[in-house]
Structures are given as C-alpha cells and as structure tokens.
file data04.csv (CSV, C-alpha atoms and all ligand atoms)
chain,number,residue,atom,x,y,z
Y,241,MET,CA,62.4,-87.2,-4.5
Y,242,VAL,CA,63.2,-83.9,-6.1
Y,243,LEU,CA,63.0,-81.6,-3.0
Y,244,PRO,CA,60.8,-78.5,-3.3
Y,245,VAL,CA,63.8,-76.5,-2.1
Y,246,ASP,CA,62.5,-72.9,-1.9
Y,247,ARG,CA,59.3,-74.0,-0.3
Y,248,TRP,CA,61.0,-76.1,2.4
Y,249,TYR,CA,63.8,-73.7,2.9
Y,250,GLU,CA,61.3,-71.0,3.8
Y,251,ALA,CA,59.4,-73.5,6.0
Y,252,LEU,CA,62.5,-74.4,8.0
Y,253,HIS,CA,62.8,-70.8,9.1
Y,254,ASP,CA,59.1,-70.7,10.1
Y,255,ARG,CA,58.9,-74.1,11.9
Y,256,HIS,CA,58.7,-74.3,15.7
Y,257,ALA,CA,57.6,-77.2,17.8
Y,258,TRP,CA,54.0,-76.7,18.9
Y,259,ARG,CA,52.1,-78.9,21.3
Y,260,SER,CA,48.6,-77.5,21.6
Y,261,TYR,CA,46.1,-77.6,18.7
Y,262,ARG,CA,42.7,-76.3,17.8
Y,263,ASP,CA,39.9,-78.8,17.6
Y,264,ILE,CA,39.4,-78.5,13.8
Y,265,PRO,CA,40.3,-81.1,11.2
Y,266,VAL,CA,43.0,-80.8,8.6
Y,267,GLU,CA,41.5,-80.4,5.1
Y,268,ALA,CA,41.4,-83.6,2.9
Y,269,GLU,CA,43.5,-82.0,0.2
Y,270,LYS,CA,46.3,-81.1,2.7
Y,271,LEU,CA,46.3,-84.7,4.1
Y,272,TYR,CA,46.4,-85.9,0.5
Y,273,ARG,CA,49.5,-83.7,-0.3
Y,274,LEU,CA,51.2,-84.9,2.9
Y,275,ARG,CA,50.6,-88.5,2.0
Y,276,GLU,CA,52.1,-87.9,-1.4
Y,277,VAL,CA,55.2,-86.5,0.3
Y,278,CYS,CA,55.3,-89.5,2.7
Y,279,ALA,CA,55.2,-91.9,-0.3
Y,280,GLU,CA,58.0,-90.0,-2.1
Y,281,LEU,CA,60.3,-89.8,0.9
Y,282,SER,CA,59.7,-93.4,2.1
Y,283,GLY,CA,62.2,-96.0,0.9
Y,284,PRO,CA,64.3,-98.8,2.2
Y,285,GLY,CA,64.9,-98.2,6.0
Y,286,ALA,CA,62.4,-95.5,6.6
Y,287,ARG,CA,58.7,-94.7,6.0
Y,288,VAL,CA,56.3,-92.0,7.2
Y,289,ASN,CA,52.5,-92.5,7.5
Y,290,ILE,CA,49.8,-90.0,8.2
Y,291,SER,CA,46.7,-90.9,10.1
Y,292,HIS,CA,43.7,-89.0,11.6
Y,293,GLU,CA,42.3,-92.1,13.4
Y,294,ASN,CA,42.8,-93.3,16.9
Y,295,ILE,CA,44.4,-90.0,18.0
Y,296,GLU,CA,43.3,-90.6,21.5
Y,297,GLY,CA,45.1,-93.9,21.6
Y,298,VAL,CA,48.4,-92.4,20.4
Y,299,PHE,CA,48.5,-89.3,22.5
Y,300,ARG,CA,47.1,-91.1,25.5
Y,301,GLY,CA,48.9,-92.1,28.6
Y,302,PHE,CA,52.2,-90.3,29.4
Y,303,ILE,CA,51.5,-87.4,27.1
Y,304,ALA,CA,48.0,-86.9,28.2
Y,305,SER,CA,48.9,-87.0,31.8
Y,306,TYR,CA,51.4,-84.3,31.3
Y,307,GLY,CA,49.2,-82.5,28.8
Y,308,GLN,CA,52.1,-81.9,26.4
Y,309,VAL,CA,50.2,-82.5,23.2
Y,310,THR,CA,46.6,-81.6,23.1
Y,311,GLY,CA,43.8,-81.4,20.5
Y,312,ALA,CA,45.8,-82.7,17.5
Y,313,PRO,CA,43.4,-83.9,14.7
Y,314,ALA,CA,46.1,-85.9,12.8
Y,315,TYR,CA,49.6,-87.2,13.3
Y,316,ALA,CA,52.6,-88.5,11.3
Y,317,ALA,CA,54.3,-91.7,12.4
Y,318,PHE,CA,58.1,-92.0,11.6
Y,319,ILE,CA,58.8,-95.7,11.2
Y,320,GLY,CA,62.2,-97.4,10.8
Y,321,ASP,CA,63.3,-100.7,9.5
Y,322,MET,CA,65.6,-101.8,12.4
Y,323,ARG,CA,67.6,-104.1,10.1
Y,324,ASP,CA,68.9,-101.0,8.2
Y,325,PRO,CA,72.3,-99.8,9.6
Y,326,ASN,CA,71.3,-96.2,8.8
Y,327,VAL,CA,67.8,-96.4,10.0
Y,328,TYR,CA,67.9,-93.4,12.4
Y,329,GLU,CA,69.4,-91.0,9.8
Y,330,LYS,CA,66.9,-92.2,7.2
Y,331,VAL,CA,63.9,-91.7,9.5
Y,332,GLY,CA,65.1,-88.3,10.6
Y,333,TYR,CA,65.6,-87.1,7.0
Y,334,ALA,CA,62.3,-88.4,5.7
Y,335,GLY,CA,60.4,-87.3,8.7
Y,336,GLU,CA,61.7,-83.7,8.5
Y,337,GLY,CA,60.7,-83.5,4.9
Y,338,VAL,CA,57.1,-84.3,5.9
Y,339,ILE,CA,57.3,-81.8,8.8
Y,340,LEU,CA,58.5,-79.1,6.5
Y,341,GLU,CA,55.7,-79.8,3.9
Y,342,ALA,CA,53.2,-79.6,6.8
Y,343,VAL,CA,54.6,-76.2,7.8
Y,344,ALA,CA,54.5,-75.0,4.2
Y,345,LEU,CA,50.8,-76.0,4.2
Y,346,GLY,CA,50.2,-73.7,7.1
Y,347,LEU,CA,50.1,-76.5,9.7
Y,348,SER,CA,52.0,-77.0,12.9
Y,349,THR,CA,54.0,-80.0,14.1
Y,350,CYS,CA,56.3,-81.3,16.9
Y,351,TRP,CA,58.6,-84.3,16.8
Y,352,VAL,CA,57.7,-86.5,19.7
Y,353,GLY,CA,60.2,-89.3,20.4
Y,354,MET,CA,59.6,-90.0,24.1
Y,355,THR,CA,56.1,-89.7,25.2
Y,356,PHE,CA,53.8,-91.5,22.8
Y,357,HIS,CA,51.9,-94.8,22.8
Y,358,SER,CA,53.4,-96.9,20.0
Y,359,GLY,CA,50.8,-99.6,20.6
Y,360,GLY,CA,48.2,-97.0,19.7
Y,361,VAL,CA,50.0,-96.3,16.4
Y,362,ALA,CA,50.1,-100.1,15.6
Y,363,GLU,CA,46.3,-100.3,16.1
Y,364,ASN,CA,45.7,-98.2,13.0
Y,365,MET,CA,48.7,-98.9,10.7
Y,366,LYS,CA,50.6,-102.1,10.1
Y,367,ILE,CA,54.0,-102.2,11.8
Y,368,ASP,CA,56.1,-105.2,10.8
Y,369,ASP,CA,58.1,-107.2,13.3
Y,370,HIS,CA,61.4,-105.7,12.1
Y,371,GLU,CA,60.0,-102.1,12.2
Y,372,LYS,CA,59.8,-99.6,15.1
Y,373,VAL,CA,57.9,-96.4,15.4
Y,374,LEU,CA,60.8,-94.1,16.3
Y,375,ALA,CA,58.7,-90.9,16.8
Y,376,ILE,CA,55.5,-89.2,15.8
Y,377,SER,CA,54.3,-85.7,15.3
Y,378,PRO,CA,50.9,-84.1,15.8
Y,379,ILE,CA,49.7,-82.3,12.7
Y,380,GLY,CA,47.1,-79.6,12.8
Y,381,TYR,CA,46.3,-75.9,13.4
Y,382,ARG,CA,48.0,-74.5,16.5
Y,383,THR,CA,46.2,-72.6,19.2
Y,384,GLU,CA,46.9,-68.9,19.3
Y,385,GLU,CA,49.0,-69.2,22.5
Y,386,PRO,CA,50.9,-72.2,23.8
Y,387,THR,CA,49.4,-73.9,26.8
Y,388,LEU,CA,51.1,-73.7,30.2
Y,389,ASP,CA,52.5,-77.2,29.6
Y,390,ASP,CA,53.9,-76.2,26.2
Y,391,ARG,CA,55.4,-73.1,27.7
Y,392,ILE,CA,57.1,-75.2,30.4
Y,393,MET,CA,58.5,-77.6,27.7
Y,394,ARG,CA,59.8,-74.5,25.9
Y,395,VAL,CA,61.6,-73.2,28.9
Y,396,LEU,CA,63.0,-76.7,29.8
Y,397,SER,CA,64.4,-77.2,26.3
Y,398,ARG,CA,65.5,-73.6,25.7
Y,399,HIS,CA,63.7,-74.1,22.4
Y,400,HIS,CA,64.7,-71.1,20.5
Y,401,LYS,CA,68.4,-71.3,21.6
Y,402,ARG,CA,70.9,-72.6,19.2
Y,403,GLU,CA,74.6,-73.3,19.6
Y,404,PRO,CA,77.0,-71.0,17.7
Y,405,LEU,CA,78.4,-72.4,14.5
Y,406,ASP,CA,82.0,-72.1,15.6
Y,407,LYS,CA,81.2,-74.6,18.4
Y,408,LEU,CA,79.5,-77.0,15.9
Y,409,CYS,CA,82.0,-76.8,13.0
Y,410,SER,CA,85.5,-77.6,12.4
Y,411,GLY,CA,87.4,-77.5,9.1
Y,412,LEU,CA,87.4,-74.5,6.9
Y,413,LYS,CA,88.0,-71.1,8.5
Y,414,GLU,CA,85.0,-68.7,8.5
Y,415,GLN,CA,86.5,-66.3,5.9
Y,416,ALA,CA,87.1,-69.2,3.6
Y,417,CYS,CA,83.7,-70.8,4.1
Y,418,PRO,CA,81.9,-70.9,0.7
Y,419,LEU,CA,78.4,-69.5,0.5
Y,420,TRP,CA,76.8,-72.9,0.0
Y,421,ALA,CA,78.4,-74.3,3.1
Y,422,LYS,CA,77.4,-71.2,5.2
Y,423,ASP,CA,73.8,-71.5,4.0
Y,424,ALA,CA,73.8,-75.3,4.7
Y,425,LEU,CA,75.2,-74.9,8.2
Y,426,GLU,CA,72.9,-72.0,9.1
Y,427,ALA,CA,69.9,-74.1,8.0
Y,428,ALA,CA,71.2,-77.1,10.0
Y,429,GLN,CA,71.4,-74.8,13.1
Y,430,LEU,CA,67.7,-74.4,12.9
Y,431,ALA,CA,66.9,-78.1,12.9
Y,432,PRO,CA,64.9,-79.5,15.8
Y,433,SER,CA,66.4,-82.1,18.1
Y,434,ALA,CA,65.2,-84.1,21.1
Y,435,ALA,CA,65.3,-81.8,24.2
Y,436,ASN,CA,67.0,-79.3,21.9
Y,437,ARG,CA,70.3,-81.1,22.5
Y,438,GLN,CA,71.8,-80.3,19.1
Y,439,PRO,CA,74.1,-83.3,19.0
Y,440,TRP,CA,75.4,-82.7,15.5
Y,441,ARG,CA,78.9,-81.7,14.7
Y,442,PHE,CA,80.1,-80.7,11.2
Y,443,LEU,CA,83.4,-81.1,9.5
Y,444,LEU,CA,83.8,-78.8,6.5
Y,445,ALA,CA,85.9,-79.5,3.5
Y,446,ASP,CA,86.0,-77.7,0.1
Y,447,ASP,CA,83.4,-79.9,-1.5
Y,448,SER,CA,81.7,-81.7,1.4
Y,449,ILE,CA,80.1,-81.4,4.9
Y,450,THR,CA,80.4,-84.4,7.2
Y,451,ILE,CA,78.0,-84.9,10.1
Y,452,THR,CA,79.1,-86.6,13.3
Y,453,VAL,CA,77.6,-86.8,16.8
Y,454,ASP,CA,78.9,-85.0,19.8
Y,455,ARG,CA,78.9,-88.2,22.0
Y,456,TYR,CA,77.9,-91.8,21.5
Y,457,ARG,CA,75.6,-92.4,24.5
Y,458,ASP,CA,72.0,-91.6,23.8
Y,459,THR,CA,69.8,-89.7,26.2
Y,460,HIS,CA,66.0,-89.6,26.6
Y,461,GLY,CA,65.9,-93.0,24.9
Y,462,ILE,CA,66.2,-91.2,21.5
Y,463,SER,CA,69.1,-91.8,19.1
Y,464,ARG,CA,71.3,-88.8,18.4
Y,465,ARG,CA,71.5,-90.1,14.9
Y,466,LEU,CA,67.7,-89.5,14.5
Y,467,ASP,CA,68.4,-85.8,15.2
Y,468,CYS,CA,71.3,-85.9,12.8
Y,469,GLY,CA,69.0,-87.2,10.1
Y,470,VAL,CA,66.7,-84.2,10.7
Y,471,ALA,CA,69.8,-81.9,10.3
Y,472,MET,CA,70.7,-83.7,7.1
Y,473,MET,CA,67.5,-82.5,5.5
Y,474,HIS,CA,68.3,-78.9,6.6
Y,475,VAL,CA,71.9,-79.1,5.3
Y,476,GLU,CA,70.7,-80.3,1.9
Y,477,LEU,CA,68.1,-77.6,1.7
Y,478,GLY,CA,70.5,-74.9,2.6
Y,479,ALA,CA,73.1,-76.1,0.1
Y,480,ARG,CA,70.6,-76.5,-2.7
Y,481,HIS,CA,69.1,-73.1,-2.0
Y,482,ALA,CA,72.6,-71.7,-2.5
Y,483,GLY,CA,72.6,-73.3,-5.9
Y,484,VAL,CA,74.8,-76.4,-5.5
Y,485,LYS,CA,73.8,-80.0,-6.1
Y,486,GLY,CA,75.1,-83.0,-4.3
Y,487,ARG,CA,74.3,-86.3,-2.7
Y,488,TRP,CA,74.5,-88.1,0.7
Y,489,GLU,CA,76.9,-90.8,1.5
Y,490,TYR,CA,76.2,-92.8,4.7
Y,491,LEU,CA,79.2,-93.4,6.9
Y,492,LYS,CA,80.1,-95.9,9.6
Y,493,ALA,CA,79.5,-94.8,13.2
Y,494,PRO,CA,80.6,-92.5,14.9
Y,495,ASP,CA,80.4,-90.5,11.7
Y,496,VAL,CA,76.8,-90.2,10.3
Y,497,ALA,CA,76.8,-89.0,6.7
Y,498,ARG,CA,78.7,-86.8,4.3
Y,499,PHE,CA,77.1,-84.4,1.8
Y,500,ASN,CA,79.4,-84.4,-1.3
Y,501,ILE,CA,78.7,-81.5,-3.7
Y,502,ASP,CA,78.8,-82.2,-7.5
Y,503,SER,CA,81.9,-80.8,-9.2
Y,601,LIG,C1,63.8,-86.6,17.4
Y,601,LIG,C2,63.1,-85.6,18.3
Y,601,LIG,C3,62.4,-86.0,19.4
Y,601,LIG,C4,61.6,-85.1,20.1
Y,601,LIG,N1,60.9,-85.6,21.2
Y,601,LIG,C5,60.1,-84.7,21.9
Y,601,LIG,C6,59.2,-85.2,22.9
Y,601,LIG,O1,59.2,-86.4,23.2
Y,601,LIG,N2,58.4,-84.3,23.6
Y,601,LIG,C7,58.4,-83.0,23.3
Y,601,LIG,O2,57.7,-82.2,23.9
Y,601,LIG,N3,59.3,-82.5,22.3
Y,601,LIG,C8,60.1,-83.3,21.6
Y,601,LIG,N4,60.9,-82.8,20.6
Y,601,LIG,C9,60.8,-81.4,20.2
Y,601,LIG,C10,62.0,-80.6,20.8
Y,601,LIG,O3,61.9,-80.5,22.2
Y,601,LIG,C11,62.1,-79.3,20.0
Y,601,LIG,O4,62.2,-79.5,18.7
Y,601,LIG,C12,63.3,-78.5,20.5
Y,601,LIG,O5,63.1,-78.1,21.8
Y,601,LIG,C13,63.6,-77.3,19.6
Y,601,LIG,O6,62.5,-76.4,19.6
Y,601,LIG,P1,62.0,-76.0,18.2
Y,601,LIG,O7,61.6,-77.3,17.4
Y,601,LIG,O8,60.8,-75.1,18.5
Y,601,LIG,O9,63.0,-75.3,17.4
Y,601,LIG,C14,61.7,-83.7,19.8
Y,601,LIG,C15,62.4,-83.3,18.7
Y,601,LIG,C16,63.1,-84.2,17.9
Y,601,LIG,C17,63.9,-83.7,16.7

call {"tool": "encode", "arguments": {"input": "data04.csv", "output": "structure tokens", "more": "lines below"}}
Ligand SMILES: Cc1cc2nc3c(=O)[nH]c(=O)nc-3n(C[C@H](O)[C@H](O)[C@H](O)COP(=O)(O)O)c2cc1C
result
Amino acid sequence: MVLPVDRWYEALHDRHAWRSYRDIPVEAEKLYRLREVCAELSGPGARVNISHENIEGVFRGFIASYGQVTGAPAYAAFIGDMRDPNVYEKVGYAGEGVILEAVALGLSTCWVGMTFHSGGVAENMKIDDHEKVLAISPIGYRTEEPTLDDRIMRVLSRHHKREPLDKLCSGLKEQACPLWAKDALEAAQLAPSAANRQPWRFLLADDSITITVDRYRDTHGISRRLDCGVAMMHVELGARHAGVKGRWEYLKAPDVARFNIDS
C-alpha cells in the first residue's frame, strides 16, 4: 500500500488510547474507508477486519466486568496467520495503519490485546484454524471525559509517558543523527504498546534503523514483537515524512526488522 504519509503522520501525534465511547454509530462511509485500508494493508501473515456486529459478545466478560471499554459501536480485529514467522510484526504494522486511518477520520481507538472475547470475534467473522485474533480495537466517537476505569488504566500504564530516545537508541551519536532518522525515532516514541511497556530498541546506522526487543520473555500474554510492529509503522511514517524512501527487511529473532533507506 502507498501510505498516506502526511495524513497518518499527523494522526500519530493526535492518537491516544480511549476506552469509553458515545452511543452513536460510525457513519457508513467511514466504515467503508476503513475497510478499504484493511484490504490494502492485509496480506500474507496478517489481516484486519472491521465489524459493527456482536459488539456485546466481543467486549463481554473480562472487559465488561472491569468496565474498561464501554459503548463502542464498532471494532477492528487484528488477525495473524500463526504459520508466518513474522506474524506479530506484520499484525502490529497493519493494525496500526488502520488505527491511524480511524484517528484521521476523527474516530478514537484503543489496542486491546488482553481482555477481549476471541470467541465473540469468531462468531461474526471467519477465523481459520491457523489464524489467531491477536488483538482488537474499539472504533467510535469518544466520550468527552474518560470514565473512572479509563482514568485508572491511564494511571496504571503511565499512558503519556515515553522513554527518552537515548535510552532506546544506540548507534549514531545525536549530533550525527540525520533528520530522517530523528523524525523516524520521534514518531516511534509515540507508538502505543501493551501496558505502555515500550519494548522496542533501535540501532541506528547511516542508512538503516534496526528494531530489536528489550527482552525475550513476553508479559501480559502479548508478544513484544506485536508492539514492535506498531512501532515499525511509526518509524516508516516518520522517515517518509522527512522525505526518504525505504523498505522493511524482516530479521531473525531477537532482532525484529530493519528499515533500509533507498540510496
Ligand atoms: C499490542 C497492544 C495491546 C494493548 N492491550 C491493551 C489492553 O488489553 N487493555 C487496555 O486497556 N489497553 C491496552 N493497550 C493500550 C495501551 O495501554 C496504551 O496504548 C498505552 O498505555 C499507551 O497509551 P497511549 O496509547 O494513549 O499512548 C494495548 C496497546 C497495544 C499496542
């Protein structure tokens, strides 16, 4: 897909996880546009589906009992083909594209990897045996103020706090850091991650940024590589916004992927 760079670069600055929604539907044309983006970003290893059916069945159970996500009129399901060695990165990347398009359309979202009912998702979209719903996101119009539960989640996950770049990066020294890499890393810093754990680490070279994870053991039952896939979308948007082109190369664990800029 040719990424709508300016539109999504702006959206990545506006995006915040939001868990309480107004009880109004998302317009058909916005759902149509989101489905177009889903189709364009879906490919081998990852796909994203939008649904406005069976919301109760998806946000039922654990979420409902904690009241974390309320009132969403639609949701996106982020589905991985578990036979693909890079499934988590691919789902994170594709999913964040759909999230940013939703934000650009004036909607709110929240990646939810822990507390959703995957059986409920399977009731209204076909999930093959080799596939797994890795996460979902509510999609809709946010309430004016966050609910008490949302505020608690925000405090627990220190949701606006981000690690400083010098902790996240190694490689080039700051004064030698090219503008494209600076913009890419600052965009990556704003990426959402499960419990805001920010597991990504970046290795800078003259013509590439390599993403690795901070540790191998997963927490919260969510792969750190899924978060890294989300950050990949931000890195690419930052780099392209600064005027460079490039492409991703998937790497073997523990490395995740490398963005090589075109010479
Ligand atoms: C892969 C992934 C899984 C997440 N899972 C949950 C979840 O299960 N429940 C929840 O309330 N928030 C979840 N979040 C949202 C994060 O808590 C939130 O993005 C983070 O605290 C940063 O806040 P921000 O998105 O407002 O920048 C998840 C985020 C990501 C990227």

call {"tool": "atom_distance", "arguments": {"input": "data04.csv", "atom1": "atom CA of Asn436 of chain Y", "atom2": "atom CA of Val475 of chain Y"}}
result
17.3 Å

call {"tool": "residues_near_ligand", "arguments": {"input": "data04.csv", "ligand": "ligand LIG 601 (chain Y)", "cutoff": "8 Å", "atoms": "only C-alpha atoms and all ligand atoms", "output": "MDAnalysis selection string"}}
result
chainID Y and resid 255:259 308:309 332 350:356 375 390 393:394 397:401 430:437 462:464 466:467 470

call {"tool": "closest_atom_pairs", "arguments": {"input": "data04.csv", "of": "segment 337-429 of chain Y", "to": "segment 272-290 of chain Y", "cutoff": "7 Å", "atoms": "all atoms listed in the file", "output": "CSV"}}
result
residue,atom,partner,partner_atom,distance
Y:Val338,CA,Y:Val277,CA,6.3
Y:Glu341,CA,Y:Leu274,CA,6.9
Y:Ala342,CA,Y:Leu274,CA,6.9

call {"tool": "write_last_selection", "arguments": {"input": "data04.csv", "atoms": "C-alpha atoms", "output": "PDB file, in the frame of the given file"}}
result
ATOM      1  CA  VAL Y 338      57.100 -84.300   5.900  1.00  0.00           C
ATOM      2  CA  GLU Y 341      55.700 -79.800   3.900  1.00  0.00           C
ATOM      3  CA  ALA Y 342      53.200 -79.600   6.800  1.00  0.00           C
TER       4      ALA Y 342
END

call {"tool": "closest_residue", "arguments": {"input": "data04.csv", "among": "Y:Ile451, Y:Val395, Y:Ala479, Y:Cys468", "to": "Arg498 of chain Y", "atoms": "all atoms listed in the file"}}
result
Y:Ile451

call {"tool": "closest_residue", "arguments": {"input": "data04.csv", "among": "Y:Lys407, Y:Gly360, Y:Ile319, Y:Thr387", "to": "Lys372 of chain Y", "atoms": "only C-alpha atoms"}}
result
Y:Ile319

call {"tool": "atom_distance", "arguments": {"input": "data04.csv", "atom1": "atom CA of Val496 of chain Y", "atom2": "atom CA of Asn326 of chain Y"}}
result
8.3 Å

call {"tool": "residues_near_point", "arguments": {"input": "data04.csv", "point": "(71.3, -84.8, -0.9)", "cutoff": "7 Å", "atoms": "only C-alpha atoms", "output": "list in words"}}
result
Glu476, Gly486, Arg487, Trp488 and Phe499 of chain Y

call {"tool": "closest_residue", "arguments": {"input": "data04.csv", "among": "Y:Ser260, Y:Asn364, Y:Gln438, Y:Thr349", "to": "Glu293 of chain Y", "atoms": "all atoms listed in the file"}}
result
Y:Asn364

call {"tool": "residues_around", "arguments": {"input": "data04.csv", "residues": "Asp495 of chain Y", "least_positions_apart": "3", "cutoff": "8 Å", "atoms": "only C-alpha atoms", "output": "JSON list (two decimals) with C-alpha atoms, in the coordinates of the input"}}
result
[["chain", "number", "residue", "atom", "x", "y", "z"],
["Y", 450, "THR", "CA", 80.40, -84.40, 7.20],
["Y", 451, "ILE", "CA", 78.00, -84.90, 10.10],
["Y", 452, "THR", "CA", 79.10, -86.60, 13.30],
["Y", 453, "VAL", "CA", 77.60, -86.80, 16.80],
["Y", 491, "LEU", "CA", 79.20, -93.40, 6.90],
["Y", 492, "LYS", "CA", 80.10, -95.90, 9.60]]

call {"tool": "closest_residue", "arguments": {"input": "data04.csv", "among": "Y:Ile379, Y:Asp406, Y:Gly411, Y:Ala471", "to": "Leu345 of chain Y", "atoms": "all atoms listed in the file"}}
result
Y:Ile379

call {"tool": "atom_distance", "arguments": {"input": "data04.csv", "atom1": "atom CA of Pro244 of chain Y", "atom2": "atom CA of Ala314 of chain Y"}}
result
23.0 Å

call {"tool": "closest_residue", "arguments": {"input": "data04.csv", "among": "Y:Ile367, Y:Met472, Y:Ile376, Y:Val266", "to": "Tyr315 of chain Y", "atoms": "all atoms listed in the file"}}
result
Y:Ile376

call {"tool": "closest_residue", "arguments": {"input": "data04.csv", "among": "Y:Ser348, Y:Asn500, Y:Ser448, Y:Gln429", "to": "Ala251 of chain Y", "atoms": "all atoms listed in the file"}}
result
Y:Ser348

call {"tool": "decode", "arguments": {"input": "data04.csv", "residues": "segment 378-393 of chain Y", "atoms": "C-alpha atoms", "output": "PDB file, in the first residue's frame"}}
result
ATOM      1  CA  PRO Y 378     -12.930  -0.363  19.649  1.00  0.00           C
ATOM      2  CA  ILE Y 379     -13.735   2.202  16.968  1.00  0.00           C
ATOM      3  CA  GLY Y 380     -16.104   5.078  17.584  1.00  0.00           C
ATOM      4  CA  TYR Y 381     -16.649   8.545  18.957  1.00  0.00           C
ATOM      5  CA  ARG Y 382     -15.092   9.018  22.356  1.00  0.00           C
ATOM      6  CA  THR Y 383     -16.888  10.448  25.349  1.00  0.00           C
ATOM      7  CA  GLU Y 384     -15.954  13.966  26.421  1.00  0.00           C
ATOM      8  CA  GLU Y 385     -14.155  12.724  29.513  1.00  0.00           C
ATOM      9  CA  PRO Y 386     -12.626   9.326  30.246  1.00  0.00           C
ATOM     10  CA  THR Y 387     -14.582   7.099  32.627  1.00  0.00           C
ATOM     11  CA  LEU Y 388     -13.140   6.297  36.062  1.00  0.00           C
ATOM     12  CA  ASP Y 389     -11.953   2.898  34.754  1.00  0.00           C
ATOM     13  CA  ASP Y 390     -10.234   4.555  31.808  1.00  0.00           C
ATOM     14  CA  ARG Y 391      -8.564   7.059  34.127  1.00  0.00           C
ATOM     15  CA  ILE Y 392      -7.337   4.199  36.316  1.00  0.00           C
ATOM     16  CA  MET Y 393      -5.906   2.393  33.252  1.00  0.00           C
TER      17      MET Y 393
END
